[in-house]
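Source file: target_11.cif. Holds: mmCIF, C-alpha atoms.
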data_work
#
loop_
_atom_site.label_atom_id
_atom_site.label_comp_id
_atom_site.auth_asym_id
_atom_site.auth_seq_id
_atom_site.Cartn_x
_atom_site.Cartn_y
_atom_site.Cartn_z
CA MET A 14 5.87 -11.56 20.98
CA ASN A 15 6.32 -7.82 21.25
CA LYS A 16 4.96 -5.96 18.23
CA SER A 17 7.61 -3.20 18.19
CA ARG A 18 10.13 -5.27 16.25
CA ILE A 19 7.73 -6.10 13.42
CA GLU A 20 6.76 -2.42 13.18
CA ALA A 21 10.40 -1.30 13.03
CA PHE A 22 11.26 -3.94 10.42
CA SER A 23 8.24 -2.99 8.28
CA ASP A 24 9.11 0.71 8.49
CA GLY A 25 12.65 -0.05 7.35
CA VAL A 26 11.52 -2.17 4.38
CA ILE A 27 9.02 0.45 3.26
CA ALA A 28 11.68 3.17 3.52
CA ILE A 29 13.99 1.09 1.31
CA ILE A 30 11.19 0.53 -1.22
CA ILE A 31 10.64 4.28 -1.55
CA THR A 32 14.39 4.87 -1.84
CA ILE A 33 14.71 2.34 -4.65
CA MET A 34 11.80 3.93 -6.51
CA VAL A 35 13.26 7.42 -6.40
CA LEU A 36 16.60 6.11 -7.68
CA GLU A 37 14.79 5.05 -10.86
CA LEU A 38 14.32 8.74 -11.71
CA LYS A 39 17.28 9.25 -14.05
CA VAL A 40 18.83 12.70 -14.21
CA PRO A 41 18.95 14.16 -17.77
CA HIS A 42 22.41 14.96 -19.14
CA GLU A 43 21.21 18.22 -20.70
CA ALA A 44 20.12 21.37 -18.84
CA ASP A 45 17.18 22.03 -21.20
CA ILE A 46 13.68 21.92 -19.67
CA HIS A 47 12.46 19.94 -22.68
CA THR A 48 14.65 16.99 -21.66
CA LEU A 49 12.27 16.46 -18.71
CA LEU A 50 9.26 15.74 -20.94
CA PRO A 51 10.29 12.16 -21.82
CA LEU A 52 10.64 11.52 -18.07
CA LEU A 53 7.04 12.57 -17.34
CA PRO A 54 5.57 9.01 -17.49
CA VAL A 55 8.33 7.78 -15.17
CA PHE A 56 7.68 10.65 -12.75
CA LEU A 57 3.89 10.13 -12.78
CA SER A 58 4.40 6.42 -12.14
CA TYR A 59 6.66 7.29 -9.22
CA VAL A 60 4.11 9.72 -7.74
CA LEU A 61 1.32 7.14 -7.92
CA SER A 62 3.49 4.45 -6.34
CA PHE A 63 4.78 6.81 -3.65
CA VAL A 64 1.18 7.60 -2.67
CA MET A 65 0.27 3.90 -2.67
CA ILE A 66 3.23 2.94 -0.48
CA GLY A 67 2.46 5.88 1.81
CA ILE A 68 -1.13 4.68 2.19
CA TYR A 69 0.03 1.17 3.15
CA TRP A 70 2.56 2.57 5.63
CA ASN A 71 -0.03 4.85 7.25
CA ASN A 72 -2.70 2.17 7.58
CA HIS A 73 -0.14 -0.46 8.68
CA HIS A 74 0.79 1.91 11.52
CA HIS A 75 -2.85 2.36 12.52
CA MET A 76 -3.52 -1.36 12.37
CA PHE A 77 -0.62 -2.33 14.63
CA HIS A 78 -1.52 0.45 17.05
CA ALA A 79 -4.72 -1.51 17.75
CA VAL A 80 -3.00 -4.79 18.71
CA ARG A 81 -1.04 -5.77 21.82
CA HIS A 82 1.26 -8.54 20.57
CA VAL A 83 2.02 -10.78 17.59
CA ARG A 84 2.72 -14.43 16.83
CA GLY A 85 4.53 -16.38 14.13
CA GLY A 86 1.54 -16.44 11.78
CA VAL A 87 1.32 -12.66 11.91
CA LEU A 88 5.02 -12.38 11.11
CA TRP A 89 4.56 -14.46 7.97
CA ALA A 90 1.44 -12.55 6.96
CA ASN A 91 3.37 -9.31 7.36
CA LEU A 92 6.26 -10.66 5.27
CA HIS A 93 3.73 -11.68 2.61
CA LEU A 94 2.53 -8.07 2.43
CA LEU A 95 6.09 -6.72 2.33
CA PHE A 96 6.94 -9.16 -0.50
CA TRP A 97 4.29 -7.71 -2.79
CA LEU A 98 5.12 -4.14 -1.80
CA SER A 99 8.79 -4.82 -2.55
CA LEU A 100 7.84 -5.47 -6.20
CA MET A 101 6.50 -1.93 -6.56
CA PRO A 102 9.84 -0.39 -7.62
CA PHE A 103 10.17 -2.92 -10.47
CA THR A 104 6.61 -2.55 -11.77
CA THR A 105 6.72 1.23 -11.33
CA ALA A 106 9.91 1.53 -13.37
CA TRP A 107 8.67 -0.89 -16.05
CA MET A 108 5.41 1.01 -16.45
CA GLY A 109 7.13 4.39 -16.60
CA GLU A 110 9.92 3.35 -18.97
CA ASN A 111 7.36 1.91 -21.41
CA HIS A 112 5.18 5.03 -21.33
CA ILE A 113 2.10 3.44 -19.74
CA GLU A 114 1.69 0.44 -22.09
CA SER A 115 -0.96 -2.24 -21.52
CA VAL A 116 1.12 -5.15 -20.21
CA PRO A 117 3.24 -3.17 -17.71
CA VAL A 118 0.10 -1.38 -16.47
CA ALA A 119 -1.69 -4.73 -16.02
CA VAL A 120 1.28 -6.22 -14.14
CA TYR A 121 1.42 -3.10 -11.98
CA GLY A 122 -2.26 -3.61 -11.19
CA PHE A 123 -1.65 -7.27 -10.36
CA VAL A 124 0.96 -6.29 -7.77
CA LEU A 125 -1.45 -3.71 -6.31
CA MET A 126 -4.21 -6.33 -6.16
CA MET A 127 -1.96 -8.88 -4.44
CA SER A 128 -0.80 -6.20 -1.98
CA GLY A 129 -4.44 -5.50 -1.15
CA ILE A 130 -5.13 -9.19 -0.63
CA ALA A 131 -2.00 -9.53 1.52
CA TYR A 132 -3.11 -6.57 3.67
CA TYR A 133 -6.51 -8.22 4.14
CA ILE A 134 -4.84 -11.51 5.15
CA LEU A 135 -2.64 -9.65 7.65
CA ALA A 136 -5.66 -7.92 9.15
CA ARG A 137 -7.50 -11.23 9.51
CA ALA A 138 -4.45 -12.84 11.13
CA LEU A 139 -4.36 -10.04 13.70
CA ILE A 140 -8.09 -10.34 14.32
CA ARG A 141 -7.79 -14.09 14.92
CA LEU A 142 -5.01 -13.41 17.41
CA GLU A 143 -6.75 -10.58 19.25
CA GLY A 144 -10.25 -12.04 19.20
CA SER A 145 -13.60 -11.18 17.62
CA GLU A 146 -14.39 -8.58 20.30
CA SER A 147 -11.01 -6.83 20.07
CA PRO A 148 -10.67 -3.19 18.94
CA ILE A 149 -9.13 -4.24 15.62
CA ALA A 150 -11.96 -6.70 14.91
CA ILE A 151 -14.57 -4.05 15.65
CA ALA A 152 -12.71 -1.44 13.60
CA PHE A 153 -12.28 -3.56 10.48
CA GLY A 154 -15.65 -5.30 10.55
CA LYS A 155 -16.28 -6.87 7.14
CA ASP A 156 -13.72 -4.50 5.55
CA ARG A 157 -15.91 -3.57 2.58
CA LYS A 158 -13.46 -0.82 1.67
CA GLY A 159 -10.63 -3.31 1.25
CA ARG A 160 -12.75 -5.75 -0.75
CA ILE A 161 -13.99 -3.02 -3.08
CA SER A 162 -10.40 -1.91 -3.65
CA VAL A 163 -9.29 -5.41 -4.65
CA ALA A 164 -12.30 -5.70 -7.00
CA ILE A 165 -11.36 -2.40 -8.67
CA TYR A 166 -7.79 -3.60 -9.12
CA ALA A 167 -9.02 -6.83 -10.72
CA ALA A 168 -11.24 -4.88 -13.13
CA ALA A 169 -8.38 -2.48 -13.92
CA ILE A 170 -6.08 -5.35 -14.90
CA ALA A 171 -8.56 -6.38 -17.62
CA LEU A 172 -9.23 -2.75 -18.61
CA ALA A 173 -5.49 -2.17 -19.09
CA PHE A 174 -5.72 -4.10 -22.37
CA LEU A 175 -8.58 -1.89 -23.52
CA SER A 176 -7.04 1.40 -22.40
CA PRO A 177 -4.04 1.67 -20.05
CA TRP A 178 -5.15 5.14 -18.99
CA ILE A 179 -8.55 3.85 -17.83
CA ALA A 180 -6.69 1.33 -15.68
CA ILE A 181 -4.49 4.11 -14.29
CA GLY A 182 -7.67 6.03 -13.50
CA CYS A 183 -8.90 3.02 -11.50
CA TYR A 184 -5.64 2.90 -9.53
CA VAL A 185 -5.92 6.61 -8.80
CA ALA A 186 -9.54 6.11 -7.69
CA VAL A 187 -8.47 3.48 -5.15
CA ALA A 188 -5.70 5.77 -3.92
CA LEU A 189 -8.26 8.55 -3.39
CA ILE A 190 -10.48 6.16 -1.43
CA TRP A 191 -7.61 5.41 0.95
CA LEU A 192 -5.84 8.78 0.87
CA VAL A 193 -7.46 9.88 4.10
CA PRO A 194 -6.01 7.61 6.83
CA ASP A 195 -8.38 4.86 7.94
CA ARG A 196 -9.92 6.34 11.09
CA ARG A 197 -11.85 3.21 12.11
CA VAL A 198 -9.06 2.12 14.44
CA GLU A 199 -8.81 5.59 16.02
CA ARG A 200 -12.56 5.74 16.64
CA VAL A 201 -12.67 2.32 18.30
CA LEU A 202 -9.63 2.99 20.49
CA LEU A 203 -10.97 6.36 21.59
CA ALA A 204 -14.35 4.82 22.36
CA ALA A 205 -12.65 2.17 24.51
CA HIS A 206 -10.38 4.75 26.21
CA PRO A 207 -12.17 8.14 26.17
CA GLY A 208 -9.29 9.95 27.87
CA GLN A 209 -6.64 8.63 25.48
CA ALA A 210 -5.11 10.96 22.91
CA PRO A 211 -5.34 9.93 19.24
CA PRO A 212 -2.35 7.89 18.02
CA GLU A 213 0.49 9.92 16.58
CA ARG A 214 1.01 9.82 12.85
#

How would this structure read if it were set down as structure tokens?
Amino acid sequence: MNKSRIEAFSDGVIAIIITIMVLELKVPHEADIHTLLPLLPVFLSYVLSFVMIGIYWNNHHHMFHAVRHVRGGVLWANLHLLFWLSLMPFTTAWMGENHIESVPVAVYGFVLMMSGIAYYILARALIRLEGSESPIAIAFGKDRKGRISVAIYAAAIALAFLSPWIAIGCYVAVALIWLVPDRRVERVLLAAHPGQAPPER
């Protein structure tokens, strides 16, 4: 099946997820600057989640740029990823409204961890479809970066009950690891087609 439809659908879902998150930022009724202070945890939660969703969108784009077509298994793997990402608005709002308490922070981390696992499953489904010698297989390799990220999320879930802010620090650390778009796909595609321009972002 042509991959363009799955890319368009995924882009639409991710756009809706971001829209729902920003709608959770409630406008204060007063015009005093001090009324914004209680909203700071909500805003910081939104910023972190916006960055996380942006990272998934960017790398999802790169990943599908490296494949030629999709099958039913890939569609379900993609829906699995979108399911966990669609929970981000809920966990983001819960964490922000409760001022970064242990349980909401741990649940937020669980959703991040499952999103990371779902992304890994999607990548493996695409590699099985394209073959072990395909550009995407070569680009991802053993995907140590993805595995390390999931391990950090798992540790952060436990650390949330010791100190929620340490857990938040772990989430930020993972975001920094992935903040620069994954260039493995670009390098492999350019190596295979030296005259090809880098994929648009």

Point (3.2, -7.3, 21.9) neighbourhood (12 Å, all atoms listed in the file) written as a list in words
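I get Met14, Asn15, Lys16, Ser17, Arg18, Ile19, Glu20, Phe77, His78, Ala79, Val80, Arg81, His82, Val83, Arg84, Val87, Leu139, Leu142 and Glu143 of chain A for the residues within 12 Å of that point.
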
Provide the atom CA of Ile33 of chain A to atom CA of Pro54 of chain A distance in Å, to one decimal place.
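Separation between atom CA of Ile33 of chain A and atom CA of Pro54 of chain A: 17.1 Å.
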
At most 12 Å from (2.8, 9.5, 1.4), file frame, all atoms listed in the file: which residues, as number ranges by chain?
A: 27-28, 31, 59-72, 188, 191-194, 214

Please report the interatomic distance between atom CA of Met101 of chain A and atom CA of Ile140 of chain A in Å with one decimal.
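Between atom CA of Met101 of chain A and atom CA of Ile140 of chain A the gap is 26.8 Å.
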
So how far away is atom CA of Ile113 of chain A from atom CA of Trp178 of chain A, in Å?
7.5 Å

Selected residue, from A:Arg137, A:Lys39, A:Glu114, A:Leu125, that lies nearest to Leu100 of chain A when counting all atoms listed in the file:
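Closest residue, counting all atoms listed in the file: A:Leu125.
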
Residue by residue, what does the PyMOL selection byres ((chain A and resi 129) around 9) grab here? Present the result as JSON, numbers by chain.
{"A": [94, 124, 125, 126, 127, 128, 130, 131, 132, 133, 134, 159, 160, 162, 163, 166]}

Top pick for closest residue to Thr105 of chain A, considering A:Val118, A:Glu43, A:Ile170, A:Ile179 and counting only C-alpha atoms:
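Nearest to Thr105 of chain A: A:Val118.
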